[in-house]
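To be precise, the following lines are entry36.pdb, and they hold PDB, C-alpha atoms and all ligand atoms.
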```pdb
ATOM      1  CA  MET A   5     -11.745 -15.002  -4.368
ATOM      2  CA  ARG A   6     -10.451 -11.649  -5.583
ATOM      3  CA  THR A   7      -6.853 -12.381  -6.508
ATOM      4  CA  ALA A   8      -4.204 -11.110  -8.897
ATOM      5  CA  THR A   9      -0.821 -12.322 -10.056
ATOM      6  CA  ILE A  10       1.607  -9.758 -11.421
ATOM      7  CA  ASN A  11       4.906 -10.545 -13.099
ATOM      8  CA  ARG A  12       6.871  -7.470 -14.052
ATOM      9  CA  THR A  13      10.413  -7.401 -15.412
ATOM     10  CA  THR A  14      12.475  -4.376 -16.383
ATOM     11  CA  ALA A  15      16.217  -3.741 -16.676
ATOM     12  CA  GLU A  16      16.094  -2.669 -13.023
ATOM     13  CA  THR A  17      13.827  -5.171 -11.277
ATOM     14  CA  ASP A  18      12.245  -8.584 -11.695
ATOM     15  CA  ILE A  19       9.088  -8.901  -9.611
ATOM     16  CA  ALA A  20       6.586 -11.689  -9.010
ATOM     17  CA  LEU A  21       3.652 -10.710  -6.814
ATOM     18  CA  ARG A  22       0.442 -12.472  -5.847
ATOM     19  CA  LEU A  23      -2.317 -10.809  -3.852
ATOM     20  CA  SER A  24      -5.596 -12.067  -2.445
ATOM     21  CA  LEU A  25      -7.939  -9.429  -1.046
ATOM     22  CA  ASP A  26      -9.981 -12.141   0.669
ATOM     23  CA  GLY A  27      -7.110 -13.749   2.491
ATOM     24  CA  LEU A  28      -6.081 -14.389   6.048
ATOM     25  CA  GLY A  29      -2.852 -12.418   6.170
ATOM     26  CA  ALA A  30      -0.654 -15.270   4.906
ATOM     27  CA  GLN A  31       2.542 -13.996   3.413
ATOM     28  CA  GLN A  32       5.842 -14.752   1.799
ATOM     29  CA  ILE A  33       7.771 -11.553   1.247
ATOM     30  CA  ASP A  34      11.310 -11.139  -0.035
ATOM     31  CA  THR A  35      11.907  -7.858  -1.851
ATOM     32  CA  GLY A  36      15.633  -7.632  -1.194
ATOM     33  CA  VAL A  37      14.935  -4.549   0.954
ATOM     34  CA  GLY A  38      14.580  -5.609   4.566
ATOM     35  CA  PHE A  39      12.701  -2.556   5.779
ATOM     36  CA  LEU A  40      10.208  -2.806   2.897
ATOM     37  CA  ASP A  41       9.659  -6.488   3.767
ATOM     38  CA  HIS A  42       8.852  -5.422   7.338
ATOM     39  CA  MET A  43       6.356  -2.782   6.125
ATOM     40  CA  LEU A  44       4.651  -5.133   3.629
ATOM     41  CA  ASN A  45       4.388  -7.713   6.378
ATOM     42  CA  LEU A  46       2.488  -5.193   8.531
ATOM     43  CA  PHE A  47       0.326  -4.063   5.602
ATOM     44  CA  ALA A  48      -0.731  -7.636   4.754
ATOM     45  CA  ALA A  49      -1.229  -8.722   8.357
ATOM     46  CA  HIS A  50      -3.419  -5.741   9.254
ATOM     47  CA  GLY A  51      -5.270  -5.837   5.946
ATOM     48  CA  ARG A  52      -5.693  -9.614   6.252
ATOM     49  CA  PHE A  53      -4.467  -9.894   2.679
ATOM     50  CA  ASP A  54      -2.566 -12.910   1.418
ATOM     51  CA  LEU A  55       0.561 -11.497  -0.184
ATOM     52  CA  SER A  56       3.556 -13.141  -1.736
ATOM     53  CA  VAL A  57       6.213 -11.056  -3.415
ATOM     54  CA  THR A  58       9.734 -11.594  -4.620
ATOM     55  CA  CYS A  59      11.845  -8.834  -6.106
ATOM     56  CA  LYS A  60      15.287  -9.187  -7.580
ATOM     57  CA  GLY A  61      16.388  -5.590  -8.036
ATOM     58  CA  ASP A  62      19.457  -3.463  -8.574
ATOM     59  CA  THR A  63      19.965  -2.813  -4.869
ATOM     60  CA  ASN A  64      23.673  -2.504  -5.662
ATOM     61  CA  VAL A  65      22.655   0.965  -6.971
ATOM     62  CA  ASP A  66      20.284   1.737  -4.099
ATOM     63  CA  ASP A  67      16.794   0.657  -2.986
ATOM     64  CA  HIS A  68      14.936   3.180  -5.147
ATOM     65  CA  HIS A  69      13.980   1.000  -8.110
ATOM     66  CA  SER A  70      13.002  -1.975  -5.967
ATOM     67  CA  VAL A  71      10.774   0.071  -3.652
ATOM     68  CA  GLU A  72       9.103   2.010  -6.473
ATOM     69  CA  ASP A  73       8.573  -1.077  -8.639
ATOM     70  CA  VAL A  74       7.113  -3.156  -5.794
ATOM     71  CA  GLY A  75       4.717  -0.217  -5.307
ATOM     72  CA  ILE A  76       3.829  -0.403  -9.012
ATOM     73  CA  ALA A  77       3.272  -4.170  -8.862
ATOM     74  CA  LEU A  78       1.142  -3.973  -5.700
ATOM     75  CA  GLY A  79      -0.928  -1.173  -7.233
ATOM     76  CA  MET A  80      -1.476  -3.239 -10.396
ATOM     77  CA  ALA A  81      -2.489  -6.218  -8.259
ATOM     78  CA  ILE A  82      -5.010  -4.197  -6.221
ATOM     79  CA  LYS A  83      -6.608  -2.822  -9.409
ATOM     80  CA  THR A  84      -6.734  -6.246 -11.072
ATOM     81  CA  ALA A  85      -8.080  -8.051  -8.001
ATOM     82  CA  LEU A  86     -10.835  -5.447  -7.540
ATOM     83  CA  GLY A  87     -12.102  -5.744 -11.110
ATOM     84  CA  GLU A  88     -15.324  -3.731 -11.490
ATOM     85  CA  LYS A  89     -15.440  -3.090  -7.716
ATOM     86  CA  ARG A  90     -18.963  -4.460  -7.413
ATOM     87  CA  GLY A  91     -20.337  -4.449  -3.881
ATOM     88  CA  VAL A  92     -17.303  -2.879  -2.214
ATOM     89  CA  ARG A  93     -17.560  -0.295   0.547
ATOM     90  CA  ARG A  94     -15.264   1.904  -1.593
ATOM     91  CA  TYR A  95     -14.106   4.185   1.256
ATOM     92  CA  GLY A  96     -11.854   3.270   4.144
ATOM     93  CA  SER A  97     -10.094   5.148   6.900
ATOM     94  CA  MET A  98      -7.992   4.490   9.953
ATOM     95  CA  LEU A  99      -6.457   6.660  12.621
ATOM     96  CA  LEU A 100      -3.608   4.518  13.865
ATOM     97  CA  PRO A 101      -1.389   5.029  16.901
ATOM     98  CA  MET A 102       2.043   3.415  17.075
ATOM     99  CA  ASP A 103       3.450   4.494  20.403
ATOM    100  CA  GLU A 104       4.034   8.267  20.040
ATOM    101  CA  ALA A 105       3.252   8.249  16.320
ATOM    102  CA  LEU A 106      -0.301   8.905  15.122
ATOM    103  CA  VAL A 107      -1.146   8.591  11.425
ATOM    104  CA  LEU A 108      -4.448   9.068   9.627
ATOM    105  CA  CYS A 109      -5.105   7.179   6.396
ATOM    106  CA  ALA A 110      -8.222   7.877   4.333
ATOM    107  CA  LEU A 111      -8.738   6.337   0.925
ATOM    108  CA  ASP A 112     -11.223   6.012  -1.917
ATOM    109  CA  LEU A 113     -11.192   3.312  -4.595
ATOM    110  CA  SER A 114     -12.013   6.142  -6.976
ATOM    111  CA  GLY A 115     -10.164   4.980 -10.069
ATOM    112  CA  ARG A 116      -8.336   8.316  -9.983
ATOM    113  CA  ALA A 117      -4.746   8.458  -8.787
ATOM    114  CA  CYS A 118      -4.304  11.097  -6.109
ATOM    115  CA  LEU A 119      -1.805  10.944  -3.263
ATOM    116  CA  ARG A 120      -1.794  13.585  -0.551
ATOM    117  CA  TYR A 121       1.355  12.674   1.324
ATOM    118  CA  GLY A 122       1.518  14.285   4.737
ATOM    119  CA  LEU A 123       4.247  12.351   6.514
ATOM    120  CA  GLU A 124       7.103  14.358   7.960
ATOM    121  CA  ILE A 125       9.727  11.741   8.695
ATOM    122  CA  PRO A 126      12.443  13.320  10.818
ATOM    123  CA  THR A 127      15.443  11.287   9.621
ATOM    124  CA  GLU A 128      16.748  10.557   6.115
ATOM    125  CA  LYS A 129      17.458   6.939   6.988
ATOM    126  CA  VAL A 130      15.943   4.086   8.967
ATOM    127  CA  GLY A 131      18.841   1.670   9.137
ATOM    128  CA  THR A 132      20.021   1.530   5.534
ATOM    129  CA  PHE A 133      16.586   2.494   4.145
ATOM    130  CA  ASP A 134      16.108   5.949   2.568
ATOM    131  CA  THR A 135      12.934   7.328   4.145
ATOM    132  CA  GLU A 136      12.115   9.459   1.059
ATOM    133  CA  LEU A 137      11.268   6.160  -0.655
ATOM    134  CA  VAL A 138       8.067   5.865   1.381
ATOM    135  CA  GLU A 139       6.518   8.629  -0.737
ATOM    136  CA  GLU A 140       7.858   6.985  -3.918
ATOM    137  CA  PHE A 141       6.208   3.712  -2.900
ATOM    138  CA  PHE A 142       2.781   5.205  -2.187
ATOM    139  CA  ASN A 143       2.943   7.419  -5.268
ATOM    140  CA  ALA A 144       3.617   4.445  -7.548
ATOM    141  CA  LEU A 145       0.954   2.349  -5.838
ATOM    142  CA  CYS A 146      -1.748   5.050  -6.092
ATOM    143  CA  ARG A 147      -0.924   5.701  -9.748
ATOM    144  CA  GLU A 148      -1.294   2.049 -10.713
ATOM    145  CA  ALA A 149      -4.233   1.180  -8.455
ATOM    146  CA  GLY A 150      -6.199   4.343  -9.268
ATOM    147  CA  LEU A 151      -6.425   5.181  -5.606
ATOM    148  CA  THR A 152      -7.190   8.423  -3.806
ATOM    149  CA  LEU A 153      -5.028   8.259  -0.683
ATOM    150  CA  HIS A 154      -4.536  10.768   2.087
ATOM    151  CA  LEU A 155      -1.833  10.152   4.667
ATOM    152  CA  ARG A 156      -1.638  12.636   7.529
ATOM    153  CA  GLN A 157       0.789  12.535  10.396
ATOM    154  CA  LEU A 158      -0.822  13.954  13.510
ATOM    155  CA  ASP A 159       2.026  13.092  15.858
ATOM    156  CA  GLY A 160       5.303  11.234  15.865
ATOM    157  CA  ALA A 161       8.978  11.547  16.670
ATOM    158  CA  ASN A 162      10.525   8.220  15.694
ATOM    159  CA  SER A 163      10.900   7.594  11.948
ATOM    160  CA  HIS A 164      10.420   3.815  12.222
ATOM    161  CA  HIS A 165       7.205   4.315  14.221
ATOM    162  CA  ILE A 166       5.799   6.913  11.817
ATOM    163  CA  ILE A 167       6.363   4.759   8.721
ATOM    164  CA  GLU A 168       5.067   1.678  10.501
ATOM    165  CA  ALA A 169       1.900   3.544  11.529
ATOM    166  CA  ALA A 170       1.391   4.603   7.898
ATOM    167  CA  PHE A 171       1.649   1.066   6.506
ATOM    168  CA  LYS A 172      -0.579  -0.408   9.220
ATOM    169  CA  ALA A 173      -3.151   2.357   8.719
ATOM    170  CA  PHE A 174      -3.046   1.811   4.968
ATOM    171  CA  GLY A 175      -3.636  -1.927   5.442
ATOM    172  CA  ARG A 176      -6.592  -1.355   7.760
ATOM    173  CA  ALA A 177      -8.148   1.349   5.603
ATOM    174  CA  LEU A 178      -7.772  -0.694   2.426
ATOM    175  CA  ARG A 179      -9.280  -3.725   4.150
ATOM    176  CA  GLU A 180     -12.351  -1.647   4.985
ATOM    177  CA  ALA A 181     -12.610  -0.117   1.496
ATOM    178  CA  VAL A 182     -12.381  -3.439  -0.379
ATOM    179  CA  SER A 183     -14.703  -5.281   1.998
ATOM    180  CA  ILE A 184     -18.082  -6.272   0.619
ATOM    181  CA  ASP A 185     -21.072  -4.256   1.822
ATOM    182  CA  PRO A 186     -24.032  -6.662   2.091
ATOM    183  CA  ALA A 187     -26.447  -3.732   1.718
ATOM    184  CA  ALA A 188     -24.894  -2.758  -1.600
ATOM    185  CA  ALA A 189     -25.962  -5.987  -3.289
ATOM    186  CA  ASP A 190     -23.762  -6.302  -6.346
ATOM    187  CA  ALA A 191     -23.767  -2.639  -7.297
ATOM    188  CA  VAL A 192     -20.812  -0.456  -8.170
ATOM    189  CA  PRO A 193     -20.896   2.208  -5.398
ATOM    190  CA  SER A 194     -20.850   5.296  -7.596
ATOM    191  CA  THR A 195     -23.624   7.553  -8.891
ATOM    192  CA  LYS A 196     -21.760   7.400 -12.193
ATOM    193  CA  GLY A 197     -22.210   3.640 -12.285
ATOM    194  CA  VAL A 198     -18.501   2.955 -12.799
ATOM    195  CA  LEU A 199     -15.348   3.308 -10.703
ATOM    196  CA  VAL A 200     -12.542   3.399 -13.228
TER     197      VAL A 200
HETATM  198 MN    MN A 301       8.890  -2.214  13.419
END
```
Once you've parsed the file, please lay out its structure as structure tokens.
Amino acid sequence: MRTATINRTTAETDIALRLSLDGLGAQQIDTGVGFLDHMLNLFAAHGRFDLSVTCKGDTNVDDHHSVEDVGIALGMAIKTALGEKRGVRRYGSMLLPMDEALVLCALDLSGRACLRYGLEIPTEKVGTFDTELVEEFFNALCREAGLTLHLRQLDGANSHHIIEAAFKAFGRALREAVSIDPAAADAVPSTKGVLV
């Protein structure tokens, strides 16, 4: 089982996160940010990852530190759980409709952090959640996981739908990328021989 446990404490947040890439979508999520909980729930369910996360953060300031730091912790967990990335498919993509919203996610377990963020979320807020934090989350996650991630919004009008499509697409694409390719035997899928 490819799992990772991350405990990360700063002056701003205290996070405990456990991830299994070979899970069934079981989850226990309490980040203190309701909208982020909803998005992580979708990510884990569609990725079929087991994910438990608690975050005690300075949400009295705003949600910024909690959202960014959960992104950091999840990125660290993905990198740790993948290890040498032997036998993985490496690439994953999903074109995901959520009602009127349509979001493309394409990713590479490259070992190199690169986020191409192409969401154009029409409102600054979804409920109490600052929608600019979506980019902060994916940026932190890509940096820590060493992930090349393209998110492209092809259609969409409702902010909740657009963000939801992005997290579902990310879950599906990551599930494909981390899945084991039987034809690859136990090899690292790179002509360089390493994916770090
Ligand atoms: Mn929803």
For chain A versus ligand MN 301 (chain A), which residues have an atom no more than 7 Å away, and what is each residue's nearest atom pair and distance in Å rounded to one decimal, using only C-alpha atoms and all ligand atoms, chain-then-number order, as a tab-separated table?
```
residue	atom	partner	partner_atom	distance
A:His42	CA	A:MN301	MN	6.9
A:His164	CA	A:MN301	MN	6.3
A:His165	CA	A:MN301	MN	6.8
A:Glu168	CA	A:MN301	MN	6.2
```
Quiz item: Which residue, A:Leu100, A:Leu106, A:Ala77, A:Val138, has the smallest gap to Ala177 in chain A when you use all atoms listed in the file?
Solution: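 Closest candidate: A:Leu100.
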Practice problem: Would you write out, as a PyMOL selection string, every residue that the PyMOL selection byres (((chain A and resi 85) around 7) and not hetatm) captures in this file? | Solution: chain A and resi 6-8+81-84+86-87
Exercise. Determine the nearest neighbour of Cys118 in chain A from the options A:Leu137, A:Val92, A:Glu148, A:Met98, counting all atoms listed in the file.
Key: A:Glu148
Quiz item: With all atoms listed in the file as the basis for distance, which of A:Ala189, A:Gly122, A:Ala149, A:Ala170 is at the shortest distance from Gly91 in chain A?
Solution: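 Among A:Ala189, A:Gly122, A:Ala149, A:Ala170, it is A:Ala189 that comes nearest to Gly91 in chain A.
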Practice problem: Could you tell me which residues the PyMOL selection byres (((chain A and resi 192) around 12) and not hetatm) returns for this structure, as a PyMOL selection string? | Solution: chain A and resi 86-94+113-114+182+184-185+187-191+193-200
Quiz prompt | Nearest to Gly96 in chain A by atom-to-atom distance, counting all atoms listed in the file, from A:His69, A:Asp112, A:Met5, A:Gly75 | solution =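 Ranking A:His69, A:Asp112, A:Met5, A:Gly75 by distance to Gly96 in chain A, first place goes to A:Asp112.
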Self-check item: Output check: residues returned by the PyMOL selection byres (((chain A and resi 160) around 12) and not hetatm), as a PyMOL selection string
Solution: chain A and resi 100-108+123-127+156-159+161-170
Okay, now the selection with C-alpha atoms, as an mmCIF file, in the frame of the given file?
```cif
data_model
loop_
_atom_site.group_PDB
_atom_site.id
_atom_site.type_symbol
_atom_site.label_atom_id
_atom_site.label_comp_id
_atom_site.auth_asym_id
_atom_site.auth_seq_id
_atom_site.Cartn_x
_atom_site.Cartn_y
_atom_site.Cartn_z
ATOM 1 C CA LEU A 100 -3.608 4.518 13.865
ATOM 2 C CA PRO A 101 -1.389 5.029 16.901
ATOM 3 C CA MET A 102 2.043 3.415 17.075
ATOM 4 C CA ASP A 103 3.450 4.494 20.403
ATOM 5 C CA GLU A 104 4.034 8.267 20.040
ATOM 6 C CA ALA A 105 3.252 8.249 16.320
ATOM 7 C CA LEU A 106 -0.301 8.905 15.122
ATOM 8 C CA VAL A 107 -1.146 8.591 11.425
ATOM 9 C CA LEU A 108 -4.448 9.068 9.627
ATOM 10 C CA LEU A 123 4.247 12.351 6.514
ATOM 11 C CA GLU A 124 7.103 14.358 7.960
ATOM 12 C CA ILE A 125 9.727 11.741 8.695
ATOM 13 C CA PRO A 126 12.443 13.320 10.818
ATOM 14 C CA THR A 127 15.443 11.287 9.621
ATOM 15 C CA ARG A 156 -1.638 12.636 7.529
ATOM 16 C CA GLN A 157 0.789 12.535 10.396
ATOM 17 C CA LEU A 158 -0.822 13.954 13.510
ATOM 18 C CA ASP A 159 2.026 13.092 15.858
ATOM 19 C CA ALA A 161 8.978 11.547 16.670
ATOM 20 C CA ASN A 162 10.525 8.220 15.694
ATOM 21 C CA SER A 163 10.900 7.594 11.948
ATOM 22 C CA HIS A 164 10.420 3.815 12.222
ATOM 23 C CA HIS A 165 7.205 4.315 14.221
ATOM 24 C CA ILE A 166 5.799 6.913 11.817
ATOM 25 C CA ILE A 167 6.363 4.759 8.721
ATOM 26 C CA GLU A 168 5.067 1.678 10.501
ATOM 27 C CA ALA A 169 1.900 3.544 11.529
ATOM 28 C CA ALA A 170 1.391 4.603 7.898
#
```
Which range 113-173 of chain A residues have any atom within 12 Å of an atom of range 52-64 of chain A, and for each, what is the nearest pair of atoms with distance in Å to one decimal, counting all atoms listed in the file, rows sorted by chain and number, as CSV?
```
residue,atom,partner,partner_atom,distance
A:Thr132,CA,A:Thr63,CA,11.3
A:Phe133,CA,A:Thr63,CA,11.0
A:Lys172,CA,A:Arg52,CA,10.9
```
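The gap separating CA of Gly175 in chain A from CA of Lys129 in chain A is 22.9 Å, in Å to one decimal.
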Exercise. Quick one: pull the distance between CA of Leu46 in chain A and CA of Pro186 in chain A, Å, one decimal.
Key: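 These atoms are spaced 27.3 Å apart.
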Exercise. Can you work out which one of A:His50, A:Arg147, A:Arg22, A:Arg116 has the shortest atom-to-atom distance to Gly79 in chain A, counting only C-alpha atoms?
Key: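 Checking each of A:His50, A:Arg147, A:Arg22, A:Arg116 against Gly79 in chain A, counting only C-alpha atoms, the winner is A:Arg147.
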Quiz item: In terms of the shortest atom-to-atom distance over only C-alpha atoms, which of A:Tyr95, A:Ala110, A:Arg120, A:Phe141 is closest to Leu40 in chain A?
Solution: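 The closest residue to Leu40 in chain A is A:Phe141.
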Range 70-77 of chain A, all listed atoms, 8 Å padding on each side: what axis-aligned box centre and edge lengths in Å to one decimal come out, as JSON?
```
{"center_x": 8.1, "center_y": -1.1, "center_z": -6.3, "size_x": 25.7, "size_y": 22.2, "size_z": 21.4}
```
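Between CA of Gly36 in chain A and CA of His68 in chain A there is a distance of 11.5 Å.
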Practice problem: Might you pull out every residue within 10 Å of Gly51 in chain A, with all atoms listed in the file counted and same-chain residues fewer than 5 positions away left off, and present them as a list of chain:residue names? | Solution: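 In the requested form, the answer reads A:Leu25, A:Asp26, A:Gly27, A:Leu28, A:Gly29, A:Asn45, A:Leu46, A:Phe171, A:Lys172, A:Ala173, A:Phe174, A:Gly175, A:Arg176, A:Ala177, A:Leu178, A:Arg179, A:Glu180, A:Val182.
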